[in-house]
Amino acid sequence: MFLSIVIPTYNRYACLKECLGALMPQITPQASDTEIRVIDDNSRPDDAGRNAALCQGMGAGYVFLETNRGAAAARNAGIAESGGEWVAFLDDDVRVGADWLASCRKALHALPTNVIGVEGKVIASGNGLWDREVENVNGGLYLSCHLILKRDLVRSIGGFDENFKSRYPSAEDHELAARALLRGDIVFEPGLCVYHLPRAINFSAYFRDSSYRMRSQLFGELYFFSKHRDRYHAFRHAGTFWGTYANIVIKHAWSALRRRRPLMLVSHPIQLVLLVLSSALEQLTALILFPLCIALFKSNSHMFFEKCIDINRTSGLWKLPNTESLSKLRLPVHYLKSVLFPLTHRPVYSIIPVLQRINGISSDTKLRMFLRIDDVFLDRTKEVEALCNTLAKKNVPFCAAVIGRDLIAPGNGGLIEQIRECGGEIAVHGFFHQGRFGPFDSELLQMNFSKIEAMVRVVNEHFAGRDNPKIFIPPFNALGREQIVYLSRYFKIICGGPETARFTDCFAGPVALANSSWYFPVFHPYYGAAKNILKSKSLGEVLKVNGFLCVGAHMSVEARDGFKALAGLVDRISEKLTSWKYLYDV
């Protein structure tokens with residue numbers, strides 16, 4: 001089977017009839033490798049009966065769900081029932097163009113291998129004030145009312161997230177796209193077109209449901225942001241949920257009016273009044289829900305990265321008495337510091353409370369410290385040689401973060417060997433040490449897995465299987481949760497930093513990942529410049545605690561004083577320094 005078309009429906013027989021009426025005539029004998037699956041999300045008995053009869057009469061598959069589970073669950077049921085190489089998601093309130101199926105087949109057959117999906121054009125029809133709220137004429141919206149994806153890809157990433165269950169779902173298609181785009185590209189095909197049917201609005205019901213509708217929208221947006229903080233900005237005008245929330249509270253009613261043409265507003269005075277009143281009520285509801293949004297944000301922050309952690313191995317490493325103690329590895333979150341960070345640039349996260357908590361419950365009597373030197377740029381030959389000479393005299397283990405581009409550059413083999421000879425492990429420090437995505441300085445955020453894999457493969461092939469680097473340190477420290485898990489296929493240790501905390505449920509480390517690798521980030525006050533670390537008031541006390549601690553400095557910063565501060569720091573902590581190889585086989 002080449003193509004499966006999945007259409008969820010719920011109490012909209014008339015819409016489904018028009019949708020199938022435009023689609024079914026295109027399923028000719030020449031298109032016998034195409035199937036249709038209508039998923040009825042527990043419609044009322046009269047609608048369900050008519051839906052079943054309609055599908056039977058037209059030759060479309062029909063599945064009735066025993067409970068109403070929401071659009072995300074209905075689409076997942078359709079995926080499970082389908083057998084096509086590709087699955088096209090259509091809503092029951094769209095009407096395909098006359099040559100839609102032929103255009104679809106042509107577009108899919110012409111796709112390059114790196115493309116895993118197609119979003120088609122959605123043109124709104126009707127003249128009401130709500131008729132043009134669902135439209136996609138330029139791409140980049142990933143609307144599930146007209147989206148085609150590889151079926152195996154959708155299944156491999158878990159399908160639609162069924163936590164989006166409300167009657168007014170929000171963002172479940174964007175959330176799916178956020179995961180899918182890490183696996184490949186989704187292209188926009190303007191020649192593939194559907195028409196969104198006019199919206200039938202029951203005015204009294206619409207106004208009555210205003211508060212519930214805003215509640216559903218806010219909670220959906222908040223869940224989407226909590227799950228994909230690294231990619232939320234790619235789907236919204238605001239960089240965070242709180243930016244979206246502020247826009248709603250400040251100008252929601254105005255935005256509802258502004259996105260409609262003045263002539264249309266004047267032409268529908270009754271609808272205009274309803275629009276203003278309902279929008280004002282939604283805006284007020286958003287303001288009232290602020291405390292609940294805060295509470296949900298806190299609870300959502302503990303939902304995602306923990307699922308990636310091997311709890312038993314992590315507890316065993318830290319000698320924790322039970323798996324519930326894993327929560328002790330979470331960094332405390334200071335929301336005021338987070339809000340003020342753009343102005344103050346003062347550290348938000350500190351590792352000290354974690355070490356203090358662990359010291360109170362762990363039976364491990366030894367502190368192991370791991371030294372990491374960032375930004376070891378091999379084109380700065382004299383600085384690299386001075387770094388190696390300084391650390392060789394101290395005879396301590398460390399890891400040197402080297403850009404992938406430098407690792408494979410001709411003529412750098414001698415410096416790499418010099419680093420290793422003086423006790424250094426090589427860490428891949430990204431590939432180019434450049435880039436910015438949305439609000440984040442980062443090379444890797446938004447980079448999909450195929451591009452990451454290609455770059456890792458080039459580095460590994462350069463070493464020809466001999467002493468491949470086993471540590472990965474992202475440039476600027478920013479790295480997404482799913483990217484961490486993906487990179488753990490190739491590296492024993494993923495060593496993030498303060499900027500990664502927001503994407504990893506604020507976990508410190510080391511924490512074990514599912515495939516025997518470790519996530520081990522570095523945090524303040526033991527990250528930055530050696531002279532500042534030495535000045536830290538807590539350093540003396542920390543040297544007495546139990547557990548594991550990553551200490552990070554930067555070569556260019558330490559070179560300013562001829563590595564004197566770094567040498568002083570190493571002298572202070574040398575008895576605690578541990579080889580990074582310790583974690584390779586734990």
# chains A, B, ... in the order shown; residues from 1 in each chain; ligands from 1
$ residues_around --residues "stretch 269-277 of chain A" --least-positions-apart "6" --cutoff "9 Å" --atoms "only C-alpha atoms" --output "ChimeraX atom specification"
/A:128-129,203-204,206-207,253-254,256-257
$ select_by_dssp --residues "stretch 330-405 of chain A" --states "strand (DSSP E)" --output "PyMOL selection string"
chain A and resi 367-374+398-402
$ select_by_dssp --residues "stretch 167-233 of chain A" --states "helix (DSSP H, G or I)" --output "PDB file with N, CA and C atoms, in the first residue's frame"
ATOM      1  N   GLU A 172      -1.159  20.141  18.949  1.00  0.00           N
ATOM      2  CA  GLU A 172      -0.715  18.751  18.830  1.00  0.00           C
ATOM      3  C   GLU A 172      -0.057  18.485  17.480  1.00  0.00           C
ATOM      4  N   ASP A 173      -0.457  19.219  16.425  1.00  0.00           N
ATOM      5  CA  ASP A 173       0.192  19.039  15.131  1.00  0.00           C
ATOM      6  C   ASP A 173       1.577  19.680  15.120  1.00  0.00           C
ATOM      7  N   HIS A 174       1.708  20.836  15.758  1.00  0.00           N
ATOM      8  CA  HIS A 174       3.017  21.475  15.834  1.00  0.00           C
ATOM      9  C   HIS A 174       3.977  20.654  16.694  1.00  0.00           C
ATOM     10  N   GLU A 175       3.462  20.055  17.750  1.00  0.00           N
ATOM     11  CA  GLU A 175       4.312  19.238  18.601  1.00  0.00           C
ATOM     12  C   GLU A 175       4.824  18.022  17.840  1.00  0.00           C
ATOM     13  N   LEU A 176       3.953  17.402  17.042  1.00  0.00           N
ATOM     14  CA  LEU A 176       4.393  16.276  16.212  1.00  0.00           C
ATOM     15  C   LEU A 176       5.452  16.735  15.214  1.00  0.00           C
ATOM     16  N   ALA A 177       5.224  17.891  14.593  1.00  0.00           N
ATOM     17  CA  ALA A 177       6.189  18.416  13.624  1.00  0.00           C
ATOM     18  C   ALA A 177       7.532  18.695  14.279  1.00  0.00           C
ATOM     19  N   ALA A 178       7.516  19.168  15.528  1.00  0.00           N
ATOM     20  CA  ALA A 178       8.768  19.447  16.230  1.00  0.00           C
ATOM     21  C   ALA A 178       9.611  18.191  16.354  1.00  0.00           C
ATOM     22  N   ARG A 179       8.963  17.059  16.611  1.00  0.00           N
ATOM     23  CA  ARG A 179       9.701  15.798  16.706  1.00  0.00           C
ATOM     24  C   ARG A 179      10.086  15.272  15.331  1.00  0.00           C
ATOM     25  N   ALA A 180       9.175  15.392  14.380  1.00  0.00           N
ATOM     26  CA  ALA A 180       9.432  14.854  13.046  1.00  0.00           C
ATOM     27  C   ALA A 180      10.579  15.586  12.352  1.00  0.00           C
ATOM     28  N   PHE A 203     -23.613  30.821  18.064  1.00  0.00           N
ATOM     29  CA  PHE A 203     -23.138  32.006  18.769  1.00  0.00           C
ATOM     30  C   PHE A 203     -23.234  31.880  20.285  1.00  0.00           C
ATOM     31  N   SER A 204     -24.355  31.394  20.784  1.00  0.00           N
ATOM     32  CA  SER A 204     -24.519  31.297  22.230  1.00  0.00           C
ATOM     33  C   SER A 204     -23.538  30.278  22.820  1.00  0.00           C
ATOM     34  N   ALA A 205     -23.368  29.149  22.142  1.00  0.00           N
ATOM     35  CA  ALA A 205     -22.432  28.135  22.629  1.00  0.00           C
ATOM     36  C   ALA A 205     -20.994  28.643  22.554  1.00  0.00           C
ATOM     37  N   TYR A 206     -20.689  29.405  21.509  1.00  0.00           N
ATOM     38  CA  TYR A 206     -19.329  29.927  21.353  1.00  0.00           C
ATOM     39  C   TYR A 206     -18.982  30.874  22.502  1.00  0.00           C
ATOM     40  N   PHE A 207     -19.922  31.766  22.828  1.00  0.00           N
ATOM     41  CA  PHE A 207     -19.660  32.699  23.930  1.00  0.00           C
ATOM     42  C   PHE A 207     -19.596  31.952  25.265  1.00  0.00           C
ATOM     43  N   ARG A 208     -20.471  31.001  25.447  1.00  0.00           N
ATOM     44  CA  ARG A 208     -20.498  30.243  26.690  1.00  0.00           C
ATOM     45  C   ARG A 208     -19.197  29.478  26.916  1.00  0.00           C
ATOM     46  N   SER A 210     -16.193  30.331  25.914  1.00  0.00           N
ATOM     47  CA  SER A 210     -15.007  31.178  25.750  1.00  0.00           C
ATOM     48  C   SER A 210     -13.942  30.879  26.802  1.00  0.00           C
ATOM     49  N   SER A 211     -14.359  30.794  28.055  1.00  0.00           N
ATOM     50  CA  SER A 211     -13.391  30.558  29.124  1.00  0.00           C
ATOM     51  C   SER A 211     -12.737  29.183  28.982  1.00  0.00           C
ATOM     52  N   TYR A 212     -13.564  28.177  28.683  1.00  0.00           N
ATOM     53  CA  TYR A 212     -13.019  26.829  28.518  1.00  0.00           C
ATOM     54  C   TYR A 212     -12.061  26.784  27.322  1.00  0.00           C
ATOM     55  N   ARG A 213     -12.414  27.487  26.269  1.00  0.00           N
ATOM     56  CA  ARG A 213     -11.579  27.493  25.071  1.00  0.00           C
ATOM     57  C   ARG A 213     -10.203  28.103  25.372  1.00  0.00           C
ATOM     58  N   MET A 214     -10.194  29.213  26.091  1.00  0.00           N
ATOM     59  CA  MET A 214      -8.912  29.838  26.435  1.00  0.00           C
ATOM     60  C   MET A 214      -8.113  28.940  27.376  1.00  0.00           C
ATOM     61  N   ARG A 215      -8.780  28.312  28.312  1.00  0.00           N
ATOM     62  CA  ARG A 215      -8.092  27.399  29.227  1.00  0.00           C
ATOM     63  C   ARG A 215      -7.421  26.277  28.448  1.00  0.00           C
ATOM     64  N   SER A 216      -8.137  25.704  27.497  1.00  0.00           N
ATOM     65  CA  SER A 216      -7.581  24.622  26.692  1.00  0.00           C
ATOM     66  C   SER A 216      -6.401  25.109  25.859  1.00  0.00           C
ATOM     67  N   GLN A 217      -6.543  26.294  25.290  1.00  0.00           N
ATOM     68  CA  GLN A 217      -5.459  26.829  24.470  1.00  0.00           C
ATOM     69  C   GLN A 217      -4.207  27.082  25.298  1.00  0.00           C
ATOM     70  N   LEU A 218      -4.384  27.711  26.452  1.00  0.00           N
ATOM     71  CA  LEU A 218      -3.236  28.012  27.297  1.00  0.00           C
ATOM     72  C   LEU A 218      -2.526  26.739  27.758  1.00  0.00           C
ATOM     73  N   PHE A 219      -3.302  25.762  28.200  1.00  0.00           N
ATOM     74  CA  PHE A 219      -2.688  24.534  28.710  1.00  0.00           C
ATOM     75  C   PHE A 219      -2.009  23.765  27.589  1.00  0.00           C
ATOM     76  N   GLY A 220      -2.605  23.787  26.393  1.00  0.00           N
ATOM     77  CA  GLY A 220      -1.958  23.149  25.256  1.00  0.00           C
ATOM     78  C   GLY A 220      -0.650  23.832  24.894  1.00  0.00           C
ATOM     79  N   GLU A 221      -0.657  25.168  24.872  1.00  0.00           N
ATOM     80  CA  GLU A 221       0.554  25.925  24.580  1.00  0.00           C
ATOM     81  C   GLU A 221       1.630  25.674  25.639  1.00  0.00           C
ATOM     82  N   LEU A 222       1.215  25.644  26.891  1.00  0.00           N
ATOM     83  CA  LEU A 222       2.164  25.443  27.983  1.00  0.00           C
ATOM     84  C   LEU A 222       2.796  24.060  27.911  1.00  0.00           C
ATOM     85  N   TYR A 223       1.997  23.063  27.605  1.00  0.00           N
ATOM     86  CA  TYR A 223       2.524  21.704  27.484  1.00  0.00           C
ATOM     87  C   TYR A 223       3.496  21.614  26.306  1.00  0.00           C
ATOM     88  N   PHE A 224       3.140  22.230  25.194  1.00  0.00           N
ATOM     89  CA  PHE A 224       4.011  22.239  24.018  1.00  0.00           C
ATOM     90  C   PHE A 224       5.351  22.901  24.348  1.00  0.00           C
ATOM     91  N   PHE A 225       5.297  24.042  25.026  1.00  0.00           N
ATOM     92  CA  PHE A 225       6.529  24.736  25.389  1.00  0.00           C
ATOM     93  C   PHE A 225       7.359  23.917  26.367  1.00  0.00           C
ATOM     94  N   SER A 226       6.706  23.328  27.362  1.00  0.00           N
ATOM     95  CA  SER A 226       7.435  22.544  28.364  1.00  0.00           C
ATOM     96  C   SER A 226       8.154  21.368  27.716  1.00  0.00           C
ATOM     97  N   LYS A 227       7.552  20.795  26.714  1.00  0.00           N
ATOM     98  CA  LYS A 227       8.132  19.616  26.069  1.00  0.00           C
ATOM     99  C   LYS A 227       9.226  19.984  25.075  1.00  0.00           C
ATOM    100  N   TYR A 232      10.229  25.696  20.558  1.00  0.00           N
ATOM    101  CA  TYR A 232       8.949  26.407  20.622  1.00  0.00           C
ATOM    102  C   TYR A 232       8.971  27.679  19.782  1.00  0.00           C
ATOM    103  N   HIS A 233      10.071  28.408  19.833  1.00  0.00           N
ATOM    104  CA  HIS A 233      10.156  29.682  19.118  1.00  0.00           C
ATOM    105  C   HIS A 233      10.055  29.508  17.605  1.00  0.00           C
TER     106      HIS A 233
END
$ closest_residue --among "A:Cys104, A:Cys145, A:Met447, A:Val384" --to "A:Leu181" --atoms "only C-alpha atoms"
A:Met447
$ residues_around --residues "A:Lys251" --least-positions-apart "5" --cutoff "10 Å" --atoms "only C-alpha atoms" --output "list in words"
Ala246, Ala256, Ser279, Ala280 and Gln283 of chain A
$ write_last_selection --atoms "C-alpha atoms" --output "short mmCIF file (atom, residue, chain, number, x, y, z; two decimals), in the first residue's frame"
data_model
loop_
_atom_site.label_atom_id
_atom_site.label_comp_id
_atom_site.auth_asym_id
_atom_site.auth_seq_id
_atom_site.Cartn_x
_atom_site.Cartn_y
_atom_site.Cartn_z
CA ALA A 246 1.84 38.09 27.70
CA ALA A 256 -8.66 39.01 17.15
CA SER A 279 -12.29 37.72 23.04
CA ALA A 280 -12.51 39.99 26.09
CA GLN A 283 -8.43 37.63 27.75
#
$ closest_residue --among "A:Ala72, A:Met58, A:Leu147, A:Ala401" --to "A:His554" --atoms "only C-alpha atoms"
A:Ala401
$ residues_around --residues "A:Ile79" --least-positions-apart "4" --cutoff "12 Å" --atoms "only C-alpha atoms" --output "JSON, numbers by chain"
{"A": [3, 4, 5, 6, 7, 8, 35, 36, 37, 38, 39, 63, 72, 73, 74, 75, 83, 84, 85, 86, 87, 88, 89, 148, 149, 150, 151, 152, 153, 154, 155, 156, 158, 159, 160]}
$ closest_residue --among "A:Arg466, A:His302, A:Lys307, A:Ile116" --to "A:Ser327" --atoms "only C-alpha atoms"
A:His302
$ residues_around --residues "A:Ala48" --least-positions-apart "5" --cutoff "10 Å" --atoms "only C-alpha atoms" --output "list in words"
Thr9, Tyr10, Asn11, Arg12, Tyr13, Asp40, Asp41, Asn42, Ser43, Ala53, Leu54 and Phe64 of chain A
$ write_last_selection --atoms "N, CA and C atoms" --output "PDB file, in the first residue's frame"
ATOM      1  N   THR A   9     -13.208  12.201  12.675  1.00  0.00           N
ATOM      2  CA  THR A   9     -14.482  12.935  12.624  1.00  0.00           C
ATOM      3  C   THR A   9     -15.181  12.832  13.972  1.00  0.00           C
ATOM      4  N   TYR A  10     -15.973  13.867  14.263  1.00  0.00           N
ATOM      5  CA  TYR A  10     -16.693  13.883  15.536  1.00  0.00           C
ATOM      6  C   TYR A  10     -17.920  14.782  15.400  1.00  0.00           C
ATOM      7  N   ASN A  11     -19.087  14.155  15.317  1.00  0.00           N
ATOM      8  CA  ASN A  11     -20.374  14.875  15.276  1.00  0.00           C
ATOM      9  C   ASN A  11     -20.469  15.869  14.131  1.00  0.00           C
ATOM     10  N   ARG A  12     -19.887  15.513  12.962  1.00  0.00           N
ATOM     11  CA  ARG A  12     -19.972  16.422  11.807  1.00  0.00           C
ATOM     12  C   ARG A  12     -20.242  15.603  10.549  1.00  0.00           C
ATOM     13  N   TYR A  13     -21.406  15.009  10.511  1.00  0.00           N
ATOM     14  CA  TYR A  13     -21.752  14.155   9.377  1.00  0.00           C
ATOM     15  C   TYR A  13     -21.752  14.938   8.075  1.00  0.00           C
ATOM     16  N   ASP A  40     -13.992   7.601  13.722  1.00  0.00           N
ATOM     17  CA  ASP A  40     -15.091   8.291  14.402  1.00  0.00           C
ATOM     18  C   ASP A  40     -14.784   8.341  15.899  1.00  0.00           C
ATOM     19  N   ASP A  41     -14.552   9.553  16.405  1.00  0.00           N
ATOM     20  CA  ASP A  41     -14.142   9.739  17.795  1.00  0.00           C
ATOM     21  C   ASP A  41     -15.359   9.771  18.730  1.00  0.00           C
ATOM     22  N   ASN A  42     -16.164   8.684  18.644  1.00  0.00           N
ATOM     23  CA  ASN A  42     -17.320   8.518  19.521  1.00  0.00           C
ATOM     24  C   ASN A  42     -18.374   9.600  19.296  1.00  0.00           C
ATOM     25  N   SER A  43     -18.781   9.739  18.023  1.00  0.00           N
ATOM     26  CA  SER A  43     -19.849  10.685  17.700  1.00  0.00           C
ATOM     27  C   SER A  43     -21.165  10.252  18.338  1.00  0.00           C
ATOM     28  N   ALA A  53     -22.718   4.311   7.675  1.00  0.00           N
ATOM     29  CA  ALA A  53     -23.406   4.010   6.410  1.00  0.00           C
ATOM     30  C   ALA A  53     -22.751   4.742   5.243  1.00  0.00           C
ATOM     31  N   LEU A  54     -22.352   5.987   5.477  1.00  0.00           N
ATOM     32  CA  LEU A  54     -21.697   6.772   4.430  1.00  0.00           C
ATOM     33  C   LEU A  54     -20.393   6.113   4.000  1.00  0.00           C
ATOM     34  N   PHE A  64     -14.908   3.020  14.727  1.00  0.00           N
ATOM     35  CA  PHE A  64     -15.619   3.772  15.766  1.00  0.00           C
ATOM     36  C   PHE A  64     -14.905   3.586  17.096  1.00  0.00           C
TER      37      PHE A  64
END
$ atom_distance --atom1 "atom CA of A:Phe449" --atom2 "atom CA of A:Ser516"
19.8 Å
$ atom_distance --atom1 "atom CA of A:Asn532" --atom2 "atom CA of A:Leu329"
24.2 Å
$ closest_residue --among "A:Thr244, A:Ile352, A:Ala107, A:Asn460" --to "A:Gly540" --atoms "only C-alpha atoms"
A:Ile352
$ residues_around --residues "A:Leu534" --least-positions-apart "2" --cutoff "9 Å" --atoms "only C-alpha atoms" --output "ChimeraX atom specification"
/A:526,529-532,536-537,539,565,568-569,572
$ atom_distance --atom1 "atom CA of A:Glu425" --atom2 "atom CA of A:Gly562"
21.7 Å
